[in-house]
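S.K.: Sharing entry_37.cif here; it has mmCIF, C-alpha atoms and all ligand atoms.
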data_work
loop_
_atom_site.label_atom_id
_atom_site.label_comp_id
_atom_site.auth_asym_id
_atom_site.auth_seq_id
_atom_site.Cartn_x
_atom_site.Cartn_y
_atom_site.Cartn_z
CA MET M 146 8.58 -100.90 -150.08
CA THR M 147 5.58 -98.85 -151.14
CA PRO M 148 2.55 -99.51 -153.38
CA LYS M 149 4.26 -97.44 -156.08
CA HIS M 150 7.12 -99.91 -156.49
CA PRO M 151 6.99 -102.33 -159.46
CA ILE M 152 6.31 -106.07 -159.55
CA GLY M 153 9.23 -108.19 -160.82
CA VAL M 154 8.58 -111.24 -163.00
CA PHE M 155 11.07 -113.74 -164.45
CA ASP M 156 11.21 -116.91 -166.52
CA SER M 157 13.85 -118.96 -168.32
CA GLY M 158 12.77 -117.09 -171.46
CA VAL M 159 9.64 -115.82 -173.15
CA GLY M 160 7.24 -118.30 -171.50
CA GLY M 161 6.60 -116.08 -168.51
CA LEU M 162 5.08 -113.50 -170.85
CA THR M 163 1.96 -115.69 -170.77
CA VAL M 164 1.80 -115.00 -167.02
CA LEU M 165 2.80 -111.34 -167.39
CA LYS M 166 -0.18 -110.84 -169.73
CA GLU M 167 -2.57 -112.15 -167.08
CA ILE M 168 -0.94 -109.96 -164.42
CA ARG M 169 -1.35 -106.92 -166.69
CA ARG M 170 -5.05 -107.82 -167.23
CA GLU M 171 -5.65 -108.32 -163.49
CA LEU M 172 -3.60 -105.33 -162.31
CA PRO M 173 -3.66 -102.54 -164.91
CA ALA M 174 -2.22 -99.92 -162.53
CA GLU M 175 0.96 -101.83 -161.65
CA ASP M 176 4.40 -101.17 -163.11
CA LEU M 177 5.88 -104.49 -164.28
CA LEU M 178 9.50 -105.59 -164.73
CA TYR M 179 10.21 -108.73 -166.77
CA VAL M 180 13.43 -110.69 -167.20
CA ALA M 181 13.69 -113.38 -169.88
CA ASP M 182 16.67 -115.60 -169.06
CA SER M 183 16.82 -116.68 -172.70
CA GLY M 184 20.63 -116.80 -172.59
CA HIS M 185 20.24 -119.78 -170.24
CA ALA M 186 17.07 -121.41 -171.62
CA PRO M 187 15.93 -124.08 -171.49
CA TYR M 188 16.02 -124.74 -167.74
CA GLY M 189 14.17 -128.02 -168.08
CA ASP M 190 17.17 -130.28 -168.63
CA LYS M 191 19.55 -128.41 -166.31
CA SER M 192 20.51 -129.36 -162.76
CA PRO M 193 18.46 -128.01 -159.83
CA ALA M 194 21.63 -126.26 -158.58
CA LEU M 195 22.06 -124.32 -161.81
CA ILE M 196 18.36 -123.38 -162.01
CA GLU M 197 18.44 -122.27 -158.38
CA ALA M 198 21.55 -120.15 -159.01
CA ARG M 199 19.87 -118.43 -161.97
CA ALA M 200 16.70 -117.82 -159.92
CA VAL M 201 18.81 -116.12 -157.24
CA VAL M 202 20.57 -113.90 -159.79
CA LEU M 203 17.28 -112.83 -161.39
CA THR M 204 15.48 -112.27 -158.08
CA GLU M 205 18.33 -110.12 -156.78
CA PHE M 206 18.33 -108.13 -160.01
CA LEU M 207 14.57 -107.49 -159.75
CA ILE M 208 14.78 -106.55 -156.06
CA GLY M 209 17.69 -104.26 -156.99
CA GLN M 210 15.34 -102.59 -159.48
CA GLY M 211 12.91 -101.92 -156.62
CA ALA M 212 10.52 -104.89 -157.02
CA LYS M 213 7.99 -105.01 -154.16
CA ALA M 214 7.12 -108.64 -155.08
CA VAL M 215 8.69 -111.24 -157.36
CA VAL M 216 6.71 -113.65 -159.54
CA VAL M 217 8.53 -116.83 -160.53
CA ALA M 218 6.70 -117.20 -163.86
CA CYS M 219 8.41 -120.52 -164.53
CA ASN M 220 7.31 -123.93 -163.25
CA THR M 221 10.84 -125.30 -163.51
CA ALA M 222 12.36 -122.48 -161.45
CA THR M 223 9.47 -122.83 -158.98
CA GLY M 224 10.35 -126.49 -158.43
CA ALA M 225 14.06 -125.78 -158.01
CA ALA M 226 14.10 -122.49 -156.14
CA ALA M 227 10.79 -121.12 -154.78
CA ARG M 228 11.43 -122.44 -151.29
CA LEU M 229 14.91 -120.92 -151.14
CA LEU M 230 13.74 -117.56 -152.55
CA ARG M 231 10.95 -117.38 -149.96
CA SER M 232 13.35 -118.09 -147.13
CA ARG M 233 15.97 -115.63 -148.33
CA TYR M 234 14.13 -112.49 -149.50
CA PRO M 235 11.74 -110.26 -147.56
CA VAL M 236 9.38 -109.50 -150.50
CA PRO M 237 6.38 -111.70 -151.39
CA ILE M 238 7.49 -114.47 -153.79
CA ILE M 239 4.62 -115.78 -155.90
CA ALA M 240 5.32 -118.98 -157.84
CA MET M 241 3.64 -121.38 -160.24
CA GLU M 242 1.54 -124.48 -159.51
CA PRO M 243 0.43 -126.61 -162.48
CA ALA M 244 -3.40 -126.71 -162.72
CA VAL M 245 -3.61 -130.38 -161.74
CA LYS M 246 -6.37 -129.89 -159.18
CA PRO M 247 -8.76 -128.00 -161.51
CA ALA M 248 -8.07 -130.59 -164.23
CA VAL M 249 -8.97 -133.44 -161.88
CA GLU M 250 -12.20 -131.66 -160.93
CA LEU M 251 -13.06 -131.10 -164.59
CA SER M 252 -12.23 -134.54 -165.94
CA ARG M 253 -15.10 -136.86 -166.82
CA SER M 254 -12.94 -139.67 -168.19
CA GLY M 255 -10.93 -139.88 -164.96
CA VAL M 256 -7.66 -139.50 -166.89
CA ILE M 257 -5.67 -136.28 -167.20
CA GLY M 258 -2.29 -135.51 -168.76
CA VAL M 259 0.37 -133.11 -167.45
CA LEU M 260 2.85 -131.68 -169.97
CA ALA M 261 5.93 -130.15 -168.33
CA THR M 262 9.71 -130.12 -168.33
CA ARG M 263 11.66 -133.07 -166.94
CA ALA M 264 12.92 -130.91 -164.07
CA THR M 265 9.40 -129.84 -163.05
CA LEU M 266 8.07 -133.41 -163.05
CA ALA M 267 11.09 -134.54 -161.00
CA SER M 268 10.81 -131.71 -158.46
CA HIS M 269 9.87 -132.12 -154.82
CA SER M 270 7.13 -129.49 -155.00
CA PHE M 271 5.48 -131.28 -157.91
CA SER M 272 5.51 -134.62 -156.10
CA VAL M 273 3.94 -132.94 -153.06
CA LEU M 274 1.21 -131.51 -155.31
CA LEU M 275 0.60 -134.93 -156.90
CA ALA M 276 0.40 -136.65 -153.52
CA ARG M 277 -2.08 -134.04 -152.28
CA VAL M 278 -4.33 -134.29 -155.34
CA SER M 279 -4.11 -138.08 -155.63
CA ALA M 280 -5.13 -138.52 -151.99
CA GLU M 281 -8.43 -136.76 -152.75
CA ALA M 282 -9.25 -138.16 -156.20
CA ARG M 283 -9.19 -141.41 -158.12
CA THR M 284 -8.10 -139.74 -161.33
CA GLN M 285 -5.24 -141.26 -163.29
CA ILE M 286 -2.60 -138.56 -163.78
CA LEU M 287 -0.28 -139.15 -166.75
CA LEU M 288 3.03 -137.27 -166.66
CA GLN M 289 4.54 -136.33 -170.00
CA PRO M 290 7.95 -134.61 -170.15
CA CYS M 291 8.35 -132.58 -173.34
CA PRO M 292 12.05 -131.95 -174.04
CA GLY M 293 12.61 -129.72 -177.05
CA LEU M 294 9.32 -127.81 -176.94
CA VAL M 295 10.70 -124.80 -175.04
CA GLU M 296 13.49 -124.51 -177.64
CA ARG M 297 10.91 -124.42 -180.46
CA ILE M 298 9.04 -121.59 -178.73
CA GLU M 299 12.25 -119.67 -177.94
CA ALA M 300 13.02 -119.97 -181.67
CA GLY M 301 9.63 -118.40 -182.43
CA ASP M 302 8.28 -121.55 -184.09
CA LEU M 303 4.79 -121.83 -182.60
CA ASP M 304 3.11 -123.81 -185.37
CA GLY M 305 5.71 -125.05 -187.85
CA ASP M 306 6.04 -128.66 -189.00
CA TYR M 307 8.71 -129.64 -186.50
CA THR M 308 6.87 -128.11 -183.53
CA ARG M 309 3.66 -129.78 -184.65
CA ALA M 310 5.35 -133.19 -184.99
CA LEU M 311 7.06 -132.90 -181.60
CA LEU M 312 3.84 -131.88 -179.88
CA ALA M 313 1.87 -134.66 -181.60
CA HIS M 314 4.50 -137.13 -180.40
CA TYR M 315 4.07 -135.98 -176.77
CA LEU M 316 0.29 -135.79 -176.90
CA ARG M 317 -0.28 -139.19 -178.52
CA PRO M 318 0.37 -141.45 -175.49
CA VAL M 319 -1.68 -139.21 -173.23
CA LEU M 320 -4.67 -139.03 -175.59
CA GLU M 321 -4.49 -142.75 -176.41
CA ARG M 322 -4.95 -143.51 -172.73
CA GLY M 323 -8.13 -141.44 -172.59
CA ALA M 324 -7.07 -138.09 -171.12
CA ASP M 325 -9.80 -135.48 -171.51
CA SER M 326 -7.88 -132.67 -169.76
CA ILE M 327 -4.35 -131.52 -170.50
CA VAL M 328 -2.47 -129.45 -167.93
CA LEU M 329 0.16 -127.07 -169.31
CA GLY M 330 2.81 -127.35 -166.58
CA CYS M 331 5.24 -124.98 -168.32
CA THR M 332 4.59 -121.30 -168.93
CA HIS M 333 5.88 -121.55 -172.51
CA TYR M 334 3.21 -124.06 -173.55
CA PRO M 335 0.17 -121.71 -173.64
CA TYR M 336 1.69 -120.43 -176.88
CA LEU M 337 0.90 -123.88 -178.31
CA ARG M 338 -2.69 -123.84 -177.10
CA SER M 339 -4.32 -123.59 -180.51
CA LEU M 340 -2.04 -126.30 -181.92
CA ILE M 341 -2.88 -128.53 -178.94
CA GLY M 342 -6.59 -127.86 -179.51
CA GLU M 343 -6.19 -128.82 -183.15
CA LEU M 344 -4.29 -132.02 -182.36
CA ALA M 345 -6.38 -133.10 -179.37
CA GLY M 346 -9.82 -132.10 -180.65
CA PRO M 347 -12.65 -130.14 -179.04
CA GLY M 348 -13.47 -132.73 -176.35
CA VAL M 349 -10.18 -132.14 -174.53
CA ALA M 350 -9.82 -129.24 -172.07
CA VAL M 351 -6.47 -127.42 -171.92
CA LEU M 352 -5.59 -125.71 -168.62
CA ASP M 353 -2.82 -123.37 -167.53
CA SER M 354 -2.22 -121.38 -164.33
CA GLY M 355 -1.71 -117.82 -165.61
CA VAL M 356 -5.02 -116.40 -164.38
CA ALA M 357 -4.74 -118.12 -160.99
CA VAL M 358 -1.23 -116.74 -160.46
CA ALA M 359 -2.30 -113.20 -161.44
CA ARG M 360 -5.14 -113.40 -158.87
CA GLN M 361 -2.69 -114.68 -156.30
CA VAL M 362 -0.40 -111.69 -157.01
CA ARG M 363 -3.37 -109.36 -156.37
CA ARG M 364 -4.23 -111.16 -153.09
CA ARG M 365 -0.63 -111.04 -151.83
CA LEU M 366 -0.28 -107.33 -152.64
CA GLU M 367 -3.65 -106.58 -151.02
CA THR M 368 -2.78 -108.36 -147.80
CA SER M 369 0.64 -106.65 -147.70
CA GLY M 370 -0.89 -103.20 -148.37
CA LEU M 371 1.20 -102.95 -151.55
CA LEU M 372 -1.43 -102.71 -154.30
CA ALA M 373 -0.74 -99.74 -156.64
CA PRO M 374 -3.30 -96.93 -156.44
CA ALA M 375 -6.05 -97.41 -159.04
CA GLY M 376 -6.65 -94.93 -161.84
CA ARG M 377 -3.17 -94.96 -163.32
CA CYS M 378 -1.76 -96.83 -166.30
CA GLY M 379 1.04 -99.25 -165.40
CA THR M 380 4.22 -99.52 -167.47
CA GLU M 381 6.39 -102.48 -168.49
CA ARG M 382 10.18 -102.86 -168.74
CA PHE M 383 11.92 -105.87 -170.28
CA TRP M 384 15.42 -107.37 -169.96
CA THR M 385 17.04 -110.44 -171.49
CA SER M 386 20.19 -112.42 -170.72
CA ALA M 387 20.49 -113.26 -174.44
CA HIS M 388 21.38 -110.71 -177.11
CA PRO M 389 18.59 -108.08 -177.12
CA ALA M 390 18.81 -107.64 -180.91
CA ALA M 391 18.11 -111.37 -181.31
CA GLY M 392 15.25 -111.45 -178.80
CA TRP M 393 13.48 -108.17 -179.49
CA GLY M 394 11.32 -109.42 -182.38
CA LEU M 395 9.99 -112.44 -180.51
CA VAL M 396 9.29 -110.59 -177.25
CA SER M 397 7.45 -107.83 -179.18
CA ARG M 398 5.49 -110.41 -181.18
CA LEU M 399 4.42 -112.36 -178.08
CA TRP M 400 3.70 -109.21 -176.05
CA GLU M 401 1.73 -107.95 -179.07
CA ALA M 402 3.36 -104.50 -178.93
CA PRO M 403 6.85 -103.22 -179.67
CA VAL M 404 8.97 -103.33 -176.51
CA THR M 405 12.36 -101.99 -175.46
CA LEU M 406 14.50 -104.99 -174.56
CA ALA M 407 17.61 -104.24 -172.49
CA PRO M 408 20.55 -106.55 -171.79
CA LEU M 409 20.62 -107.96 -168.25
CA PRO M 410 23.51 -106.01 -166.71
CA ASP M 411 26.44 -107.61 -164.84
CA ASP M 412 25.11 -111.09 -165.51
CA PRO M 413 27.32 -113.75 -163.96
CA ALA M 414 26.98 -116.19 -166.84
CA GLU M 415 26.32 -119.31 -164.77
CA GLY M 416 24.72 -117.78 -161.74
CA ARG M 417 26.86 -118.15 -158.63
CA LEU M 418 27.81 -121.74 -159.02
CA PRO M 419 30.87 -123.67 -158.02
CA ARG M 420 33.02 -124.25 -161.13
CA GLY M 421 32.19 -127.32 -163.15
CA CYS M 422 28.56 -127.48 -162.01
CA THR M 423 26.13 -127.88 -164.95
N1 LIG K 1 8.72 -121.58 -168.78
C1 LIG K 1 9.51 -122.59 -168.12
C2 LIG K 1 8.59 -123.43 -167.21
O1 LIG K 1 7.49 -123.01 -166.90
C3 LIG K 1 10.29 -123.35 -169.14
C4 LIG K 1 11.40 -124.15 -168.56
C5 LIG K 1 12.57 -124.35 -169.46
O2 LIG K 1 13.24 -123.38 -169.77
O3 LIG K 1 12.84 -125.51 -169.83
O4 LIG K 1 8.94 -124.49 -166.77
#
In structure tokens, how does this file's structure come out?
Ligand code: DGL
M.R.:
Amino acid sequence: MTPKHPIGVFDSGVGGLTVLKEIRRELPAEDLLYVADSGHAPYGDKSPALIEARAVVLTEFLIGQGAKAVVVACNTATGAAARLLRSRYPVPIIAMEPAVKPAVELSRSGVIGVLATRATLASHSFSVLLARVSAEARTQILLQPCPGLVERIEAGDLDGDYTRALLAHYLRPVLERGADSIVLGCTHYPYLRSLIGELAGPGVAVLDSGVAVARQVRRRLETSGLLAPAGRCGTERFWTSAHPAAGWGLVSRLWEAPVTLAPLPDDPAEGRLPRGCT
């Protein structure tokens, strides 16, 4: 691997673009590869075995494309697969951590809410994070799974009536119990930030981990001697496991520039799973 190799980034769909944007801001000279696994989204209600199998397929694809590091821009895939990916592949694997600690530090009411997928909230890595943060603070941490939200975002509905109603339904119990900080524990949810602000009001802070992960990518590349030489303009390449013609408009809209979206080649539809595993 050399500094000139690209950074690979993947998510269950378009959510990881929120992280990719921060990586682009932090590291303008790097070439970036992005895979949206939209053909298999959402991950949040799938089994850990299936999510892990998809994470392996996508990581191997990115490494096959020359990735010098892989960013798991998905909290759900982090919970299911980060440990395995780190043990199996020689490149730096950078993964998500919901911003629970900064939210606890920020909270004045002593109550925070975490919005995430069911799979993330049930994962071992999330319970380790909770135990670590709870041991240091007396903050009440309310966990709110949000099934259906990722599907709304994958459908491009960021502020329609149904998305608004679903989000209001998930926010209500958290806000009623006095949360003054909301942690976005899913990389799709930053696309709902302005709607959350509108529903929760100005006194409630909304935190995600995109900037922290981008800084972590920089640190890992620096310590591995893999940072791209400054003074050049990095490029981006995009793939999807769904039909590119169906996904192109949304990826371009969220990336805020027209992109070329290629089909993920040789995609074993269910990852490498034993038959019958869902
Ligand atoms: N962006 C993924 C995450 O951060 C969404 C998971 C899903 O597809 O349900 O968890």
S.K.: Given all atoms listed in the file as the basis, pick out the residue of M:Tyr334, M:Tyr234, M:Trp393, M:Trp384 nearest to ligand LIG 1 (chain K).
M.R.: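 Of the candidates, the smallest distance to ligand LIG 1 (chain K) is held by M:Tyr334.
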S.K.: Could you please determine the separation between atom CA of M:Phe206 and atom CA of M:His150 in Å, to one decimal place?
M.R.: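 Distance reported for this atom pair: 14.3 Å.
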S.K.: How many Å lie between atom CA of M:Ala222 and atom CA of M:Pro237, rounded to one decimal?
M.R.: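 Between atom CA of M:Ala222 and atom CA of M:Pro237 the gap is 15.9 Å.
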S.K.: For M:Arg338, which residue among M:Thr163, M:Glu401, M:Thr204, M:Ser369 is the nearest when counting all atoms listed in the file?
M.R.: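 Answer, going by the shortest atom-to-atom distance: M:Thr163.
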S.K.: Edge lengths and centre in Å to one decimal, as AutoDock Vina command-line options, is what I'm after for the box along x, y and z that holds all listed atoms of stretch 212-226 of chain M once 3 Å is added on each side.
M.R.:
--center_x 10.4 --center_y -115.7 --center_z -159.3 --size_x 13.4 --size_y 27.6 --size_z 16.4
S.K.: Please measure the separation of atom CA of M:Ile286 and atom CA of M:Glu242, giving the value in Å to one decimal.
M.R.: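 Separation of atom CA of M:Ile286 and atom CA of M:Glu242: 15.3 Å.
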S.K.: Between M:Leu178, M:Leu162, M:Ala324, M:Leu371, which one has atoms that come closest to ligand LIG 1 (chain K), using all atoms listed in the file?
M.R.: M:Leu162
S.K.: Please identify all polymer residues within 12 Å of M:Gly160, counting all atoms listed in the file, omitting same-chain residues fewer than 2 positions from it, and present them as a VMD selection string.
M.R.: chain M and resid 154 to 158 162 to 166 179 to 183 186 to 188 217 to 221 294 to 301 303 329 to 337 353 355 395 to 396 399 to 400
S.K.: Between M:Gln210, M:Ser354, M:Thr308, M:Ser254, which has the minimum distance to ligand LIG 1 (chain K) (counting all atoms listed in the file)?
M.R.: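 When distances to ligand LIG 1 (chain K) are compared using all atoms listed in the file, the smallest one comes from M:Ser354.
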S.K.: Check the smallest atom-to-atom distance from each of M:Arg322, M:Arg263, M:Arg377, M:Arg253 to ligand LIG 1 (chain K) using only C-alpha atoms and all ligand atoms, then report the winner.
M.R.: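 Of M:Arg322, M:Arg263, M:Arg377, M:Arg253, the one nearest ligand LIG 1 (chain K) is M:Arg263, counting only C-alpha atoms and all ligand atoms.
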S.K.: Take the point (-6.3, -135.5, -168.5) as written in the file and pick out every residue within 7 Å of it, counting all atoms listed in the file; give the list as a list in words.
M.R.: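 The requested residues, written out, are Ala248, Ser252, Val256, Ile257, Gly258, Ile286, Ala324, Asp325, Ser326 and Ile327 of chain M.
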S.K.: Please determine, counting all atoms listed in the file, which residue among M:Ala200, M:Leu340, M:Ile168, M:Ala357 has the shortest atom-to-atom distance to M:Gly305.
M.R.: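 Using all atoms listed in the file, the shortest distance to M:Gly305 belongs to M:Leu340.
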